[in-house]
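Coordinates as given in my_file.cif (mmCIF, C-alpha atoms):
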data_upload
#
loop_
_atom_site.label_atom_id
_atom_site.label_comp_id
_atom_site.auth_asym_id
_atom_site.auth_seq_id
_atom_site.Cartn_x
_atom_site.Cartn_y
_atom_site.Cartn_z
CA MET O 1 35.09 24.37 59.93
CA SER O 2 31.96 22.37 59.75
CA GLU O 3 32.16 18.65 60.43
CA PRO O 4 31.61 16.33 57.47
CA ILE O 5 28.17 14.83 57.26
CA GLU O 6 28.19 11.02 57.55
CA GLU O 7 26.12 9.25 54.96
CA PRO O 8 23.79 6.56 56.35
CA ALA O 9 25.00 2.98 55.83
CA ALA O 10 23.26 1.09 53.10
CA SER O 11 20.66 -1.27 54.54
CA ALA O 12 20.86 -4.97 53.71
CA PRO O 13 18.41 -6.09 51.07
CA ASP O 14 15.29 -7.80 52.37
CA PRO O 15 15.43 -11.62 52.07
CA PRO O 16 13.22 -12.98 49.35
CA ARG O 17 9.81 -13.93 50.62
CA GLN O 18 8.98 -17.62 50.58
CA ALA O 19 6.02 -18.37 48.44
CA PRO O 20 3.05 -19.56 50.53
CA ARG O 21 2.16 -23.21 50.32
CA PRO O 22 -0.70 -23.98 48.02
CA TRP O 23 -4.00 -24.67 49.71
CA TRP O 24 -4.05 -28.29 48.61
CA SER O 25 -0.68 -28.95 50.31
CA ARG O 26 -2.02 -27.68 53.62
CA ALA O 27 -5.17 -29.74 53.13
CA VAL O 28 -3.18 -32.93 52.51
CA LEU O 29 -1.03 -32.28 55.60
CA GLY O 30 -4.11 -31.66 57.72
CA VAL O 31 -5.83 -34.82 56.51
CA ALA O 32 -2.64 -36.86 57.17
CA VAL O 33 -2.36 -35.51 60.73
CA LEU O 34 -6.02 -36.22 61.41
CA GLY O 35 -5.71 -39.73 59.94
CA ILE O 36 -2.64 -40.62 62.00
CA SER O 37 -4.22 -39.18 65.15
CA PHE O 38 -7.42 -41.17 64.57
CA LEU O 39 -5.44 -44.37 63.90
CA ALA O 40 -3.36 -43.92 67.07
CA LEU O 41 -6.50 -43.20 69.15
CA TYR O 42 -8.27 -46.23 67.66
CA HIS O 43 -5.29 -48.50 68.38
CA LEU O 44 -5.00 -47.29 71.98
CA THR O 45 -8.74 -47.76 72.51
CA ILE O 46 -8.73 -51.30 71.11
CA THR O 47 -5.64 -52.17 73.18
CA PHE O 48 -7.34 -50.84 76.31
CA LEU O 49 -10.48 -52.89 75.64
CA THR O 50 -8.36 -55.99 75.03
CA ASN O 51 -6.59 -55.72 78.38
CA SER O 52 -9.48 -54.45 80.47
CA PRO O 53 -11.87 -56.80 82.29
CA THR O 54 -14.73 -58.12 80.18
CA ASN O 55 -17.43 -55.49 79.84
CA THR O 56 -20.41 -54.62 77.64
CA VAL O 57 -18.36 -52.67 75.10
CA SER O 58 -15.61 -55.28 74.68
CA THR O 59 -18.23 -58.04 74.38
CA ARG O 60 -20.24 -56.16 71.76
CA LEU O 61 -17.10 -55.29 69.75
CA ALA O 62 -15.40 -58.68 70.15
CA THR O 63 -15.22 -59.36 66.40
CA PRO O 64 -13.60 -56.06 65.27
CA ILE O 65 -11.30 -56.16 68.31
CA ALA O 66 -10.08 -59.65 67.38
CA LYS O 67 -9.56 -58.66 63.74
CA TRP O 68 -7.43 -55.68 64.76
CA VAL O 69 -5.43 -57.22 67.60
CA TYR O 70 -4.61 -60.70 66.26
CA PRO O 71 -2.08 -61.78 65.28
CA TRP O 72 0.16 -58.69 65.18
CA PHE O 73 -0.85 -56.88 68.38
CA GLU O 74 -1.62 -59.80 70.69
CA GLN O 75 -1.57 -58.85 74.37
CA ASN O 76 -0.32 -61.39 76.91
CA TRP O 77 -1.12 -59.36 80.01
CA ARG O 78 -4.28 -58.05 81.63
CA LEU O 79 -5.10 -54.62 82.98
CA PHE O 80 -6.52 -54.20 86.51
CA ALA O 81 -6.89 -57.95 87.12
CA PRO O 82 -3.57 -59.76 86.71
CA ASN O 83 -3.77 -63.53 86.63
CA PRO O 84 -0.35 -64.90 87.64
CA MET O 85 0.40 -68.57 87.13
CA SER O 86 -0.43 -70.74 90.12
CA GLN O 87 1.34 -73.88 88.88
CA ASN O 88 4.79 -74.93 87.75
CA PHE O 89 5.11 -77.15 84.71
CA THR O 90 8.01 -79.43 83.84
CA VAL O 91 7.83 -80.79 80.30
CA GLU O 92 10.00 -83.79 79.47
CA ALA O 93 10.26 -85.91 76.34
CA ARG O 94 12.05 -88.98 75.07
CA VAL O 95 12.36 -90.41 71.56
CA SER O 96 12.94 -93.78 69.99
CA THR O 97 13.70 -95.49 66.73
CA ASP O 98 11.08 -97.47 64.86
CA CYS O 99 9.21 -99.86 67.17
CA TYR O 100 11.29 -98.71 70.14
CA SER O 101 14.42 -100.69 69.28
CA SER O 102 16.35 -97.84 70.94
CA VAL O 103 14.96 -95.35 73.45
CA THR O 104 16.67 -92.26 74.84
CA PRO O 105 16.44 -91.16 78.47
CA TRP O 106 14.00 -88.40 79.40
CA TYR O 107 15.09 -84.93 78.30
CA ASN O 108 13.95 -82.12 80.60
CA LEU O 109 12.87 -79.49 78.07
CA SER O 110 11.80 -77.03 80.76
CA GLN O 111 15.19 -77.23 82.49
CA MET O 112 16.84 -76.29 79.20
CA ASP O 113 14.88 -73.03 79.30
CA TYR O 114 15.65 -72.44 82.97
CA ASP O 115 19.38 -72.91 82.35
CA THR O 116 19.24 -70.35 79.54
CA ILE O 117 17.29 -67.80 81.58
CA LEU O 118 19.31 -68.18 84.79
CA HIS O 119 21.62 -65.19 85.38
CA ASN O 120 20.59 -63.75 81.99
CA PRO O 121 19.56 -60.09 82.44
CA PHE O 122 17.84 -60.08 79.03
CA PRO O 123 16.23 -63.51 78.54
CA GLY O 124 14.62 -64.14 75.18
CA HIS O 125 10.91 -64.48 74.54
CA LEU O 126 11.31 -68.05 73.23
CA GLU O 127 13.01 -69.33 76.37
CA GLN O 128 10.39 -67.74 78.60
CA ASN O 129 7.19 -68.51 76.73
CA GLU O 130 7.46 -70.88 73.76
CA LEU O 131 7.35 -74.24 75.56
CA ARG O 132 5.05 -73.06 78.37
CA ARG O 133 2.46 -71.65 75.98
CA ALA O 134 2.71 -74.65 73.65
CA TRP O 135 1.57 -76.75 76.61
CA THR O 136 -0.81 -74.50 78.56
CA ASP O 137 -2.31 -72.30 75.83
CA ALA O 138 -2.23 -74.75 72.91
CA TYR O 139 -2.22 -78.43 73.87
CA LEU O 140 -4.31 -78.26 77.05
CA THR O 141 -6.98 -76.14 75.40
CA THR O 142 -7.42 -78.55 72.48
CA HIS O 143 -7.18 -81.95 74.24
CA ASP O 144 -9.00 -83.60 77.10
CA SER O 145 -7.41 -85.45 80.02
CA SER O 146 -7.16 -88.61 77.89
CA ASP O 147 -5.28 -86.76 75.11
CA VAL O 148 -8.23 -86.93 72.76
CA GLY O 149 -8.59 -83.87 70.56
CA THR O 150 -11.53 -81.60 71.32
CA SER O 151 -10.89 -79.03 68.60
CA GLY O 152 -10.11 -78.88 64.92
CA ARG O 153 -6.76 -77.43 65.94
CA ALA O 154 -5.86 -80.40 68.15
CA GLU O 155 -3.55 -82.15 65.71
CA MET O 156 -1.83 -78.89 64.83
CA THR O 157 -1.12 -78.05 68.49
CA ARG O 158 0.17 -81.59 69.13
CA GLN O 159 2.53 -81.32 66.17
CA TYR O 160 3.63 -77.87 67.37
CA LEU O 161 4.66 -79.39 70.72
CA VAL O 162 6.46 -82.20 68.88
CA ASN O 163 8.35 -79.75 66.67
CA ILE O 164 9.58 -77.74 69.69
CA ALA O 165 10.76 -80.93 71.40
CA MET O 166 12.50 -82.25 68.29
CA GLN O 167 14.48 -79.03 67.84
CA ARG O 168 15.92 -79.47 71.34
CA ILE O 169 16.33 -83.26 71.36
CA GLN O 170 17.91 -83.94 67.98
CA PRO O 171 21.32 -82.42 68.84
CA ARG O 172 21.47 -84.64 71.98
CA SER O 173 19.90 -87.90 70.81
CA ALA O 174 22.88 -89.38 68.94
CA LYS O 175 25.02 -89.70 72.08
CA ASP O 176 22.13 -91.59 73.70
CA GLY O 177 21.93 -94.20 70.96
CA VAL O 178 19.28 -92.73 68.65
CA PRO O 179 20.71 -90.85 65.64
CA PRO O 180 18.57 -87.81 64.75
CA GLY O 181 17.73 -89.24 61.33
CA LYS O 182 16.36 -92.45 62.88
CA ILE O 183 13.92 -90.86 65.33
CA MET O 184 10.44 -92.23 64.70
CA ASN O 185 8.46 -91.91 67.93
CA ILE O 186 8.17 -89.43 70.78
CA GLU O 187 6.60 -89.50 74.24
CA PHE O 188 5.96 -86.63 76.65
CA ARG O 189 5.82 -86.49 80.43
CA VAL O 190 4.47 -83.33 82.05
CA THR O 191 4.73 -82.80 85.81
CA THR O 192 2.44 -80.15 87.28
CA THR O 193 3.04 -78.79 90.78
CA ASP O 194 0.81 -76.24 92.50
CA ILE O 195 2.66 -73.22 93.86
CA ALA O 196 2.53 -73.15 97.65
CA PRO O 197 0.22 -70.51 99.17
CA ALA O 198 1.77 -67.31 100.44
CA ASP O 199 0.87 -68.08 104.08
CA ALA O 200 2.59 -71.49 103.88
CA PRO O 201 5.47 -71.15 101.41
CA ASN O 202 7.17 -74.35 102.64
CA GLN O 203 4.08 -76.50 102.29
CA VAL O 204 4.88 -79.57 100.19
CA GLN O 205 2.74 -79.83 97.06
CA GLN O 206 1.95 -83.20 95.53
CA PRO O 207 2.89 -83.13 91.82
CA ALA O 208 0.62 -84.56 89.15
CA VAL O 209 2.24 -86.46 86.27
CA HIS O 210 0.63 -86.58 82.84
CA ILE O 211 1.94 -88.91 80.14
CA ILE O 212 1.21 -88.22 76.49
CA PRO O 213 1.51 -91.69 74.91
CA TRP O 214 4.04 -92.59 72.25
CA ARG O 215 3.20 -91.15 68.86
CA GLN O 216 4.98 -91.12 65.56
CA VAL O 217 6.89 -87.93 64.92
CA SER O 218 5.63 -87.38 61.38
CA PRO O 219 2.19 -85.74 61.17
CA ASP O 220 1.54 -87.75 58.00
CA ALA O 221 1.60 -91.12 59.76
CA VAL O 222 0.06 -90.91 63.20
CA SER O 223 -0.15 -94.09 65.25
CA TYR O 224 -0.02 -95.08 68.89
CA GLY O 225 2.27 -98.09 68.63
CA CYS O 226 3.96 -100.67 66.47
CA PRO O 227 2.09 -102.98 64.08
CA ASN O 228 3.41 -105.98 66.05
CA GLY O 229 1.97 -104.60 69.29
CA SER O 230 5.30 -103.99 70.98
CA VAL O 231 5.57 -101.17 73.51
CA ALA O 232 8.45 -99.05 74.69
CA PRO O 233 10.28 -100.05 77.86
#
Show me the file's structure as structure tokens.
Amino acid sequence: MSEPIEEPAASAPDPPRQAPRPWWSRAVLGVAVLGISFLALYHLTITFLTNSPTNTVSTRLATPIAKWVYPWFEQNWRLFAPNPMSQNFTVEARVSTDCYSSVTPWYNLSQMDYDTILHNPFPGHLEQNELRRAWTDAYLTTHDSSDVGTSGRAEMTRQYLVNIAMQRIQPRSAKDGVPPGKIMNIEFRVTTTDIAPADAPNQVQQPAVHIIPWRQVSPDAVSYGCPNGSVAP
């Protein structure tokens, strides 16, 4: 007997072909990729010029670089030529009621930051930089050694320093005899100490003390003292 002939199994139907994308869709995708790539390359180039040492290109393109970088992409570090701080600053402040009828002790604003940063593996940006930059990058660059403003931004930077101090002092002032709502005047004391050189780390450095005279807290009524001429103790 002859063996039965097996019929071939029916093949699965071919999957439906996906319609090709229209040409305009591919064009839009290509333009988007090129635009994003150009934007990323431009940003990296501007960032590099911002952090590199001053050169002919960065000097010639200073205006477009500043417009792109500030304020959203500000860089606080430098490439190739780091400039670490060579001084330690201790910023203190005290406040008083009107005409110094009550004066608080000195509050060490810098120590408040140090206490927050100590043993903190992830210290915040405010604790590390806010007070330091308010003094070094803002106040010092807009005032001379006699605390006279040298820039149109001088009063703004002074008030910025006052605002930072008030945020930290107000919760503590009441127990020292000056209720927060009665604070009228503020005085700053900044102690600057050079960091000892590496070859003589134990060398004693002589600190320099700078006093910013008493001023009224409100930016709308700036004065250096009381109408009757009295001064704080």
Exercise for the section: Provide the atom CA of O:Arg153 to atom CA of O:Thr59 distance in Å, to one decimal place. Expected result: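 Between atom CA of O:Arg153 and atom CA of O:Thr59 the gap works out to 24.1 Å.
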Handout entry: Selection result for the PyMOL selection byres ((chain O and resi 40-50) around 10) on this file, as an MDAnalysis selection string
Key = chainID O and resid 34:39 51:55 57:59 61:62 64:66 68:69 73:79
Practice task
Mind checking which residues fall within 10 Å of O:Pro207, counting only C-alpha atoms, ignoring those fewer than 5 positions away in the same chain, and posting them as a PyMOL selection string?
Solution key: chain O and resi 87-89+190-194
Exercise for the section: Might you spell out which residues the PyMOL selection byres ((chain O and resi 103-116) around 7) would select in the displayed file, as a ChimeraX atom specification? Expected result: /O:90-97,100-102,117-118,127-128,173,176-178
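Interatomic distance, atom CA of O:Asp98 to atom CA of O:Asn185: 6.9 Å.
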Exercise for the section: To verify the selection step, state as a ChimeraX atom specification which residues the PyMOL selection byres ((chain O and resi 157) around 12) yields on this input. Expected result: /O:131,133-143,147,149-156,158-164,219
Practice task
Work out how far atom CA of O:Trp72 is from atom CA of O:Arg60, in Å to one decimal.
Solution key: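 Atom-to-atom, atom CA of O:Arg60 and atom CA of O:Trp72 are spaced 21.6 Å apart.
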Practice task
For each of O:Gln216, O:Ser145, O:Gln203, O:Asn129, take the minimum atom-to-atom distance to O:Met184, counting only C-alpha atoms, then give the residue where this is smallest.
Solution key: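 Ranked by minimum distance to O:Met184, first place goes to O:Gln216.
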